[in-house]
Every structure is written in structure tokens, then in C-alpha cells.
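This is model.txt (compact mmCIF, C-alpha atoms).
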# COMPACT_ATOMS: atom_id res chain seq x y z
CA MET O 123 39.08 208.38 -5.80
CA SER O 124 42.80 207.68 -5.92
CA VAL O 125 43.01 208.30 -2.18
CA ARG O 126 40.58 205.44 -1.53
CA THR O 127 42.56 203.11 -3.74
CA GLN O 128 45.67 204.06 -1.85
CA SER O 129 44.12 203.43 1.53
CA SER O 130 42.68 200.11 0.40
CA GLU O 131 46.11 199.17 -0.93
CA GLN O 132 47.68 200.14 2.38
CA SER O 133 45.22 198.12 4.40
CA ALA O 134 45.74 195.14 2.10
CA GLU O 135 49.48 195.52 2.54
CA ALA O 136 49.18 195.48 6.32
CA VAL O 137 47.91 191.88 6.28
CA HIS O 138 50.75 189.38 6.56
CA ARG O 139 50.08 185.67 6.20
CA ALA O 140 52.26 182.80 7.30
CA GLY O 141 51.60 179.10 7.39
CA PHE O 142 52.31 175.59 6.23
CA ALA O 143 51.42 173.86 2.99
CA CYS O 144 52.22 170.30 2.08
CA PHE O 145 52.29 168.57 -1.27
CA VAL O 146 50.87 165.08 -1.41
CA GLY O 147 50.60 162.65 -4.25
CA ARG O 148 51.70 159.20 -5.13
CA PRO O 149 55.44 158.62 -5.37
CA ASN O 150 57.06 160.46 -8.28
CA ALA O 151 54.19 162.93 -8.80
CA GLY O 152 56.66 165.84 -8.85
CA LYS O 153 56.33 167.01 -5.24
CA SER O 154 60.03 167.57 -4.47
CA THR O 155 60.73 169.26 -7.82
CA LEU O 156 57.84 171.63 -7.17
CA THR O 157 59.12 172.45 -3.67
CA ASN O 158 62.54 173.27 -5.12
CA ALA O 159 61.04 175.43 -7.89
CA LEU O 160 58.96 177.44 -5.41
CA VAL O 161 61.82 178.00 -2.99
CA GLY O 162 64.27 178.71 -5.82
CA GLN O 163 67.02 176.57 -4.35
CA LYS O 164 67.55 172.86 -4.04
CA VAL O 165 66.13 171.87 -0.66
CA ALA O 166 64.22 168.63 -1.20
CA ILE O 167 65.97 165.70 -2.84
CA THR O 168 64.58 165.00 -6.29
CA SER O 169 64.89 161.76 -8.15
CA ASN O 170 62.99 160.12 -10.95
CA ARG O 171 62.78 157.07 -8.74
CA PRO O 172 59.68 156.88 -6.55
CA GLN O 173 60.01 156.85 -2.75
CA THR O 174 63.17 158.88 -2.23
CA THR O 175 61.93 161.57 0.16
CA ARG O 176 62.05 160.24 3.69
CA HIS O 177 62.27 163.40 5.74
CA THR O 178 59.77 166.18 6.15
CA VAL O 179 61.83 168.82 4.37
CA ARG O 180 60.46 172.31 4.70
CA GLY O 181 61.16 174.79 1.95
CA ILE O 182 60.41 178.40 2.85
CA VAL O 183 59.05 180.90 0.32
CA HIS O 184 59.56 184.51 1.49
CA ARG O 185 57.28 187.25 0.16
CA PRO O 186 56.88 190.81 1.46
CA ASP O 187 53.31 190.01 2.53
CA ALA O 188 53.61 186.33 3.35
CA GLN O 189 55.73 183.37 4.32
CA LEU O 190 54.79 180.02 2.84
CA ILE O 191 56.44 177.05 4.49
CA LEU O 192 56.39 173.90 2.38
CA VAL O 193 56.40 170.55 4.05
CA ASP O 194 57.43 167.80 1.69
CA THR O 195 56.12 164.45 2.89
CA PRO O 196 56.98 160.98 1.58
CA GLY O 197 54.57 159.63 -1.03
CA LEU O 198 51.61 157.89 0.55
CA HIS O 199 51.33 154.29 -0.62
CA LYS O 200 50.01 150.91 0.46
CA PRO O 201 52.69 149.85 2.95
CA ARG O 202 54.56 146.58 2.52
CA THR O 203 57.19 147.06 5.22
CA LEU O 204 57.45 148.62 8.66
CA LEU O 205 59.26 151.55 7.05
CA GLY O 206 56.29 151.95 4.70
CA GLU O 207 53.87 152.05 7.62
CA ARG O 208 55.95 154.64 9.46
CA LEU O 209 56.14 156.80 6.34
CA ASN O 210 52.34 156.69 5.98
CA ASP O 211 51.91 157.73 9.63
CA VAL O 212 54.25 160.66 8.99
CA VAL O 213 52.08 161.70 6.04
CA ARG O 214 48.79 161.60 7.93
CA THR O 215 50.20 163.47 10.92
CA THR O 216 51.52 166.14 8.57
CA TRP O 217 48.17 166.53 6.81
CA ALA O 218 46.44 167.19 10.09
CA GLU O 219 48.90 169.95 11.00
CA VAL O 220 49.16 172.05 7.83
CA ASP O 221 47.04 175.01 6.65
CA VAL O 222 46.64 173.89 3.05
CA ILE O 223 47.23 170.65 1.12
CA GLY O 224 48.38 170.56 -2.50
CA PHE O 225 47.48 167.28 -4.21
CA CYS O 226 49.93 166.64 -7.07
CA LEU O 227 48.74 164.64 -10.09
CA PRO O 228 51.06 164.32 -13.10
CA ALA O 229 49.57 165.61 -16.39
CA ASP O 230 51.11 162.77 -18.40
CA GLN O 231 49.49 159.88 -16.50
CA LYS O 232 45.84 158.95 -16.20
CA ILE O 233 44.39 159.08 -12.69
CA GLY O 234 45.03 155.63 -11.24
CA PRO O 235 44.36 153.56 -8.10
CA GLY O 236 47.26 155.23 -6.26
CA ASP O 237 45.74 158.67 -6.83
CA ARG O 238 42.29 157.47 -5.75
CA PHE O 239 43.75 155.90 -2.60
CA ILE O 240 45.20 159.31 -1.62
CA ALA O 241 42.12 161.27 -2.72
CA LYS O 242 39.92 159.08 -0.49
CA GLU O 243 42.23 159.78 2.46
CA LEU O 244 42.07 163.50 1.65
CA ALA O 245 38.27 163.41 1.51
CA GLY O 246 38.35 162.35 5.17
CA ILE O 247 40.28 165.49 6.17
CA ARG O 248 37.48 168.01 6.29
CA LYS O 249 38.83 171.32 7.52
CA THR O 250 42.02 171.78 5.53
CA PRO O 251 41.62 173.52 2.13
CA LYS O 252 42.87 171.40 -0.78
CA VAL O 253 44.41 172.59 -4.04
CA ALA O 254 44.71 170.16 -6.95
CA ILE O 255 48.01 170.67 -8.77
CA VAL O 256 48.41 169.10 -12.19
CA THR O 257 52.20 168.74 -12.51
CA LYS O 258 54.57 168.04 -15.44
CA THR O 259 52.42 170.01 -17.92
CA ASP O 260 55.49 170.39 -20.16
CA LEU O 261 55.13 166.68 -21.05
CA VAL O 262 51.67 166.92 -22.67
CA ASP O 263 49.79 168.93 -25.32
CA GLY O 264 46.85 171.24 -24.65
CA LYS O 265 44.21 168.63 -25.37
CA ALA O 266 45.67 166.04 -22.97
CA LEU O 267 46.06 168.74 -20.30
CA ALA O 268 42.42 169.83 -20.66
CA GLU O 269 41.31 166.20 -20.30
CA GLN O 270 43.40 165.78 -17.14
CA LEU O 271 42.01 168.99 -15.60
CA ILE O 272 38.45 167.75 -16.23
CA ALA O 273 39.34 164.32 -14.77
CA VAL O 274 40.73 165.97 -11.62
CA ASP O 275 37.59 168.08 -11.26
CA GLN O 276 35.47 164.90 -11.65
CA LEU O 277 37.55 163.05 -9.05
CA GLY O 278 36.80 165.81 -6.53
CA LYS O 279 33.06 165.72 -7.27
CA GLU O 280 32.99 161.93 -7.01
CA LEU O 281 34.61 161.87 -3.56
CA GLY O 282 33.05 165.04 -2.20
CA ILE O 283 36.31 167.04 -2.20
CA GLU O 284 35.86 170.72 -2.96
CA TRP O 285 39.09 171.88 -4.60
CA ALA O 286 39.96 175.43 -3.52
CA GLU O 287 41.80 175.68 -6.88
CA ILE O 288 42.90 173.44 -9.74
CA VAL O 289 46.27 174.64 -11.06
CA PRO O 290 48.35 173.25 -13.94
CA VAL O 291 52.11 173.78 -13.43
CA SER O 292 55.46 172.72 -14.80
CA ALA O 293 58.19 172.99 -12.18
CA THR O 294 60.97 172.08 -14.62
CA ALA O 295 59.85 174.67 -17.22
CA GLY O 296 58.97 177.18 -14.47
CA ARG O 297 55.40 177.52 -15.76
CA GLN O 298 52.78 178.90 -13.34
CA VAL O 299 54.97 178.21 -10.30
CA ASP O 300 54.60 181.80 -9.04
CA LEU O 301 50.86 181.66 -9.72
CA LEU O 302 50.65 178.57 -7.52
CA ALA O 303 52.30 180.48 -4.66
CA ASP O 304 49.86 183.38 -5.27
CA LEU O 305 46.94 180.95 -4.90
CA LEU O 306 48.29 179.12 -1.84
CA ILE O 307 49.08 182.27 0.17
CA PRO O 308 45.47 183.54 0.63
CA LEU O 309 44.63 180.14 2.15
CA LEU O 310 47.15 180.70 4.98
CA PRO O 311 46.23 182.24 8.33
CA GLU O 312 47.16 185.84 9.08
CA GLY O 313 50.22 186.17 11.25
CA PRO O 314 53.88 187.24 11.42
CA ALA O 315 56.73 185.39 9.70
CA LEU O 316 57.64 182.15 11.46
CA TYR O 317 61.24 181.92 10.20
CA PRO O 318 64.03 184.50 9.74
CA GLU O 319 64.28 186.08 6.28
CA GLY O 320 67.36 184.20 5.03
CA ASP O 321 66.20 180.72 5.97
CA LEU O 322 65.22 178.40 3.13
CA THR O 323 64.69 175.25 5.18
CA ASP O 324 64.75 174.26 8.83
CA GLU O 325 66.26 170.84 8.17
CA PRO O 326 69.42 170.36 10.22
CA GLU O 327 72.43 170.59 7.93
CA GLN O 328 73.51 167.03 8.66
CA VAL O 329 70.18 165.67 7.42
CA MET O 330 70.41 167.70 4.21
CA VAL O 331 74.01 166.58 3.64
CA ALA O 332 72.94 162.94 4.12
CA GLU O 333 70.11 163.46 1.60
CA LEU O 334 72.49 164.89 -1.00
CA ILE O 335 74.84 161.92 -0.59
CA ARG O 336 71.91 159.54 -0.86
CA GLU O 337 70.67 161.23 -4.01
CA ALA O 338 74.11 160.90 -5.60
CA ALA O 339 74.37 157.26 -4.47
CA LEU O 340 71.01 156.46 -6.09
CA GLU O 341 72.01 158.11 -9.35
CA GLY O 342 73.32 155.13 -11.30
CA VAL O 343 71.82 152.22 -9.36
CA ARG O 344 68.14 153.14 -9.11
CA ASP O 345 66.92 149.95 -10.71
CA GLU O 346 69.03 147.66 -8.58
CA LEU O 347 68.77 149.38 -5.18
CA PRO O 348 65.86 151.79 -5.21
CA HIS O 349 65.05 151.89 -1.50
CA SER O 350 67.81 149.99 0.17
CA ILE O 351 70.18 152.92 0.64
CA ALA O 352 70.28 154.98 3.83
CA VAL O 353 72.96 157.54 4.65
CA VAL O 354 74.03 158.64 8.12
CA VAL O 355 76.44 161.54 8.59
CA GLU O 356 78.58 160.47 11.55
CA GLU O 357 80.30 163.82 12.01
CA MET O 358 80.86 167.22 10.45
CA LEU O 359 83.84 169.06 11.91
CA PRO O 360 85.92 172.03 10.74
CA ARG O 361 89.50 170.85 10.05
CA GLU O 362 91.84 172.14 12.74
CA ASP O 363 94.94 174.25 12.02
CA ARG O 364 93.47 175.78 8.84
CA PRO O 365 93.98 179.48 8.08
CA GLU O 366 90.73 181.45 8.48
CA ASP O 367 90.49 182.30 4.79
CA LYS O 368 90.91 178.61 3.82
CA PRO O 369 88.49 176.62 5.96
CA LEU O 370 87.82 172.94 5.29
CA LEU O 371 84.94 170.92 6.65
CA ASP O 372 85.54 167.21 7.28
CA ILE O 373 82.41 165.12 6.73
CA HIS O 374 82.39 161.43 7.61
CA ALA O 375 79.35 159.52 6.37
CA ASN O 376 78.22 155.91 6.11
CA VAL O 377 76.17 154.61 3.22
CA PHE O 378 74.06 151.70 4.51
CA ILE O 379 72.71 148.93 2.30
CA GLU O 380 70.71 145.84 3.25
CA ARG O 381 72.80 142.98 1.89
CA PRO O 382 76.50 142.24 1.38
CA SER O 383 75.80 141.51 -2.31
CA GLN O 384 74.79 145.17 -2.79
CA LYS O 385 78.15 146.43 -1.62
CA GLY O 386 79.83 145.83 -4.97
CA ILE O 387 77.06 147.68 -6.81
CA ILE O 388 77.56 150.84 -4.75
CA ILE O 389 81.37 150.69 -4.72
CA GLY O 390 81.67 149.75 -8.39
CA PRO O 391 84.71 148.26 -10.18
CA LYS O 392 87.89 149.45 -8.45
CA GLY O 393 85.82 151.85 -6.32
CA LYS O 394 84.85 153.92 -9.35
CA ARG O 395 81.13 154.34 -8.48
CA LEU O 396 81.74 155.37 -4.89
CA LYS O 397 84.31 157.88 -6.07
CA GLU O 398 81.75 159.40 -8.47
CA VAL O 399 79.18 159.54 -5.66
CA GLY O 400 81.74 161.39 -3.53
CA ILE O 401 82.63 163.92 -6.25
CA LYS O 402 79.01 164.61 -7.18
CA SER O 403 77.67 164.97 -3.65
CA ARG O 404 80.68 166.99 -2.50
CA LYS O 405 79.94 169.67 -5.14
CA GLN O 406 76.31 169.88 -3.99
CA ILE O 407 77.28 169.96 -0.30
CA GLU O 408 79.82 172.74 -0.91
CA ALA O 409 77.15 174.74 -2.75
CA LEU O 410 74.71 174.17 0.13
CA LEU O 411 77.11 175.00 2.97
CA GLY O 412 79.23 177.56 1.13
CA THR O 413 82.51 176.04 2.30
CA PRO O 414 85.10 173.57 0.89
CA VAL O 415 84.48 170.02 2.06
CA PHE O 416 86.51 166.85 2.51
CA LEU O 417 84.08 163.96 2.21
CA ASP O 418 84.90 160.54 3.63
CA LEU O 419 82.40 157.83 2.57
CA HIS O 420 82.14 154.26 3.81
CA VAL O 421 79.71 151.57 2.66
CA LYS O 422 78.28 149.36 5.40
CA VAL O 423 75.73 146.56 5.56
CA ALA O 424 72.73 146.99 7.91
CA LYS O 425 70.89 143.74 7.32
CA ASP O 426 67.24 144.20 6.26
CA TRP O 427 67.13 147.62 7.93
CA GLN O 428 63.77 148.52 6.39
CA ARG O 429 62.03 145.81 8.44
CA ASP O 430 63.90 146.13 11.72
CA PRO O 431 62.57 148.71 14.24
CA LYS O 432 65.93 149.00 16.04
CA GLN O 433 67.81 149.69 12.81
CA LEU O 434 65.13 152.11 11.59
CA ARG O 435 65.60 154.14 14.78
CA ARG O 436 69.37 154.10 14.42
CA LEU O 437 69.10 155.31 10.82
CA GLY O 438 66.82 158.14 11.87
CA PHE O 439 63.36 156.90 10.91
Show me, as C-alpha cells, the structure contained in the file I just sent.
Amino acid sequence: MSVRTQSSEQSAEAVHRAGFACFVGRPNAGKSTLTNALVGQKVAITSNRPQTTRHTVRGIVHRPDAQLILVDTPGLHKPRTLLGERLNDVVRTTWAEVDVIGFCLPADQKIGPGDRFIAKELAGIRKTPKVAIVTKTDLVDGKALAEQLIAVDQLGKELGIEWAEIVPVSATAGRQVDLLADLLIPLLPEGPALYPEGDLTDEPEQVMVAELIREAALEGVRDELPHSIAVVVEEMLPREDRPEDKPLLDIHANVFIERPSQKGIIIGPKGKRLKEVGIKSRKQIEALLGTPVFLDLHVKVAKDWQRDPKQLRRLGF
């Protein structure tokens, strides 16, 4: 008897799965925080301001029997600008290319038009399995959570979406995050690992550095400049003539805003805000790259960049 169990265990062990999952949901549904919690390190930029993720950041979850690669897309929304339209195209392309889609709906907010808009789009994607993830469960009591789970189930029935699973999680409290990974992995195709063991993300370092600076720059000015900040890292070079045991990385970056009047907001009185942005992002960058950093920040105006195709290209969108 025990021999059979052993052999069945061995054969189960021999299967390795690897594939891509993406989290979708309206802006601020907890997608980036969830990515970070699953990967166990900060890879996607998180902010309590909607619309901050602009790059497809992949977080990589390594397991002995599987590799789950998380693609974090921007929130899908009704576009008002050219940037908005491009972001929506990015989302739809991503959905068509992944192995499983996780639809994030916050536990503390009733299902609204934004959620329905996305759910309808999801209903049109037939082949990809979909998991409904009720996020931010730490913000509600049991009764409210039960009501939300029922509402999510109903939403699926209404639109003809068959949820592969409905999972309540709290990324900030670490509740059921591992369970979510356990449920996503069987939905991936069998195959070898797609990334080396130590990799947590395939984003080029410059993009991640720019995101960390942008996150710090948004910190105190979210209400005034929610979307009008873009950051471009001009260069990252090791400082010459440094002893090997004391390396220093010089990073020169530009923080772009849309209007001259916003410059003062970012720089702050006597440059105080910009200095804080520099200190905060430098700590995060040093933690990410594992090396001391000298960060040189400049604020520049790129007039109405969100509506100008040339500027969008130059800023990497």
C-alpha cells in the first residue's frame, strides 16, 4: 500500500508547471500589492492612488514543482487620453497571452460599473481560465465578505463566466496568499522553468529604478499630480576610481511633469520635497540593486505628454 502512495507521489513530483498569470481589476483593486506578496519582494510599484502601474512588471514565484510568472498590467478603464487607450491595448494583449487571469475585486467595495466593464471584457476571452480574487479581506467582517463572495459568484453567472476558483485574500495581512498560488499553479501548462532560479522579475533594472523614483515622487502629491509624473533614468554608471569594496553607482534621472506650474509642487519649498523623494527612493534602489547609490534628480516639463504620441514614445510608453 505504502509503495503505491510513494510511486504516485513520485509521479506527481515529476510534473513541473510553468506559465503566466495576470491580475486584472479596476485601478486600485490591490493587484500590485498582491504581486509583491506572492513574490515576497517589492517588484511592482504600489500606491493607494489609482493608475500608477504603467509597465508590465513580471513577478516570479519559484516553487520546487512550478514557476508562476505574474504579469501586472495597468488597470483597465474607459480611456480619456491617448495614454489611456495605449494602456487598455496593453491590457488586452496581455490577457490573450497568459495562461490564467486573476480578476481582483476589493472586499470593501460593492461591485460597480468599473468591475462590470472589465468582467464583460473577460467574458469575451473564452479559453483562458479565470480566478476571481476578493482582495483586501482584512478591511471587512465575515458577513460583508460572505456577501461579496456571493456577489462575485452572481456576476460570473450573469455574464457567463465560469470562475475556476473564487478566493478571498489579504495581501497586506498575508492571508491566503500561498493558497492563491496553490490554486493558480494547477491551471498552468506543464513545462520546465522559464526563468533562472534567482530571478524575481525580468524588468530591466533601469525601468524598476524609474518606477521606485516615481513612487516616491507621488508620495506626498497624489491629489495634485496623480498621473502627470513620468520618470526616465538617463544613465546608470558605476563611479570610476572607486575601490572594489566600496562601489558607488551614479544614477541620473529626470522627473517629467506636464506643466511649469507643477514644478514647484514636486520641488517643494527650498527643494525640500525633491530632497525627500531622493532620500526615499535611494534607499529603495539600494535595497533593490544591493549597492550604494548616488542619485541625481532633475525636474523637467514635458508639456501635455499624456496626449502627445511623440512624447509618449520618448517617455517609454
Minimum-distance residue to Trp285 of chain O, chosen among O:Ile351, O:Leu261, O:Val253, O:Met330 (using all atoms listed in the file): O:Val253
For Glu357 of chain O, list every protein, DNA or RNA residue within 8 Å, evaluated using all atoms listed in the file, and leave out those in the same chain fewer than 4 positions away; present the list as a ChimeraX atom specification. /O:372-375
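Shortest separation to Leu244 of chain O among O:Ala218, O:Leu316, O:Ala338, O:Ala266 occurs at residue O:Ala218, atoms counted being all atoms listed in the file.
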So that I can see what lies close to Ile240 of chain O, please list as a PDB file with C-alpha atoms, in the coordinates of the input the residues with an atom at most 12 Å from it, counting only C-alpha atoms and leaving out residues fewer than 5 positions away in the same chain.
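Done, and the output landed in out27.pdb:
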ATOM      1  CA  PHE O 145      52.290 168.570  -1.270  1.00  0.00           C
ATOM      2  CA  VAL O 146      50.870 165.080  -1.410  1.00  0.00           C
ATOM      3  CA  GLY O 147      50.600 162.650  -4.250  1.00  0.00           C
ATOM      4  CA  ARG O 148      51.700 159.200  -5.130  1.00  0.00           C
ATOM      5  CA  PRO O 149      55.440 158.620  -5.370  1.00  0.00           C
ATOM      6  CA  GLY O 197      54.570 159.630  -1.030  1.00  0.00           C
ATOM      7  CA  LEU O 198      51.610 157.890   0.550  1.00  0.00           C
ATOM      8  CA  HIS O 199      51.330 154.290  -0.620  1.00  0.00           C
ATOM      9  CA  LYS O 200      50.010 150.910   0.460  1.00  0.00           C
ATOM     10  CA  ASN O 210      52.340 156.690   5.980  1.00  0.00           C
ATOM     11  CA  VAL O 213      52.080 161.700   6.040  1.00  0.00           C
ATOM     12  CA  ARG O 214      48.790 161.600   7.930  1.00  0.00           C
ATOM     13  CA  TRP O 217      48.170 166.530   6.810  1.00  0.00           C
ATOM     14  CA  ILE O 223      47.230 170.650   1.120  1.00  0.00           C
ATOM     15  CA  GLY O 224      48.380 170.560  -2.500  1.00  0.00           C
ATOM     16  CA  PHE O 225      47.480 167.280  -4.210  1.00  0.00           C
ATOM     17  CA  CYS O 226      49.930 166.640  -7.070  1.00  0.00           C
ATOM     18  CA  LEU O 227      48.740 164.640 -10.090  1.00  0.00           C
ATOM     19  CA  ILE O 233      44.390 159.080 -12.690  1.00  0.00           C
ATOM     20  CA  GLY O 234      45.030 155.630 -11.240  1.00  0.00           C
ATOM     21  CA  PRO O 235      44.360 153.560  -8.100  1.00  0.00           C
ATOM     22  CA  ALA O 245      38.270 163.410   1.510  1.00  0.00           C
ATOM     23  CA  GLY O 246      38.350 162.350   5.170  1.00  0.00           C
ATOM     24  CA  ILE O 247      40.280 165.490   6.170  1.00  0.00           C
ATOM     25  CA  LEU O 277      37.550 163.050  -9.050  1.00  0.00           C
ATOM     26  CA  GLY O 278      36.800 165.810  -6.530  1.00  0.00           C
ATOM     27  CA  LEU O 281      34.610 161.870  -3.560  1.00  0.00           C
ATOM     28  CA  ILE O 283      36.310 167.040  -2.200  1.00  0.00           C
TER      29      ILE O 283
END
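Residues with any atom within 12 Å of Ala315 of chain O, counting all atoms listed in the file and excluding same-chain neighbours fewer than 5 positions away, are O:Val137, O:His138, O:Arg139, O:Ala140, O:Gly141, O:Phe142, O:Ile182, O:Val183, O:His184, O:Arg185, O:Pro186, O:Asp187, O:Ala188, O:Gln189, O:Leu190, O:Ile191, O:Leu310, O:Gly320, O:Asp321.
Atom CA of Val161 of chain O is positioned 10.0 Å from atom CA of Val299 of chain O.
Distance-wise, atom CA of Gly400 of chain O and atom CA of Arg429 of chain O end up 27.8 Å apart.
Here atom CA of Ile387 of chain O stands at a distance of 15.7 Å from atom CA of Val353 of chain O.
In this comparison, which uses all atoms listed in the file, the residue of O:Gly342, O:Thr257, O:Glu287, O:Leu306 approaching Gly390 of chain O most closely is O:Gly342.
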Taking into account only C-alpha atoms, which residue in the set O:Ala409, O:Pro365, O:Lys432, O:Leu192 is nearest to Ser154 of chain O? O:Leu192
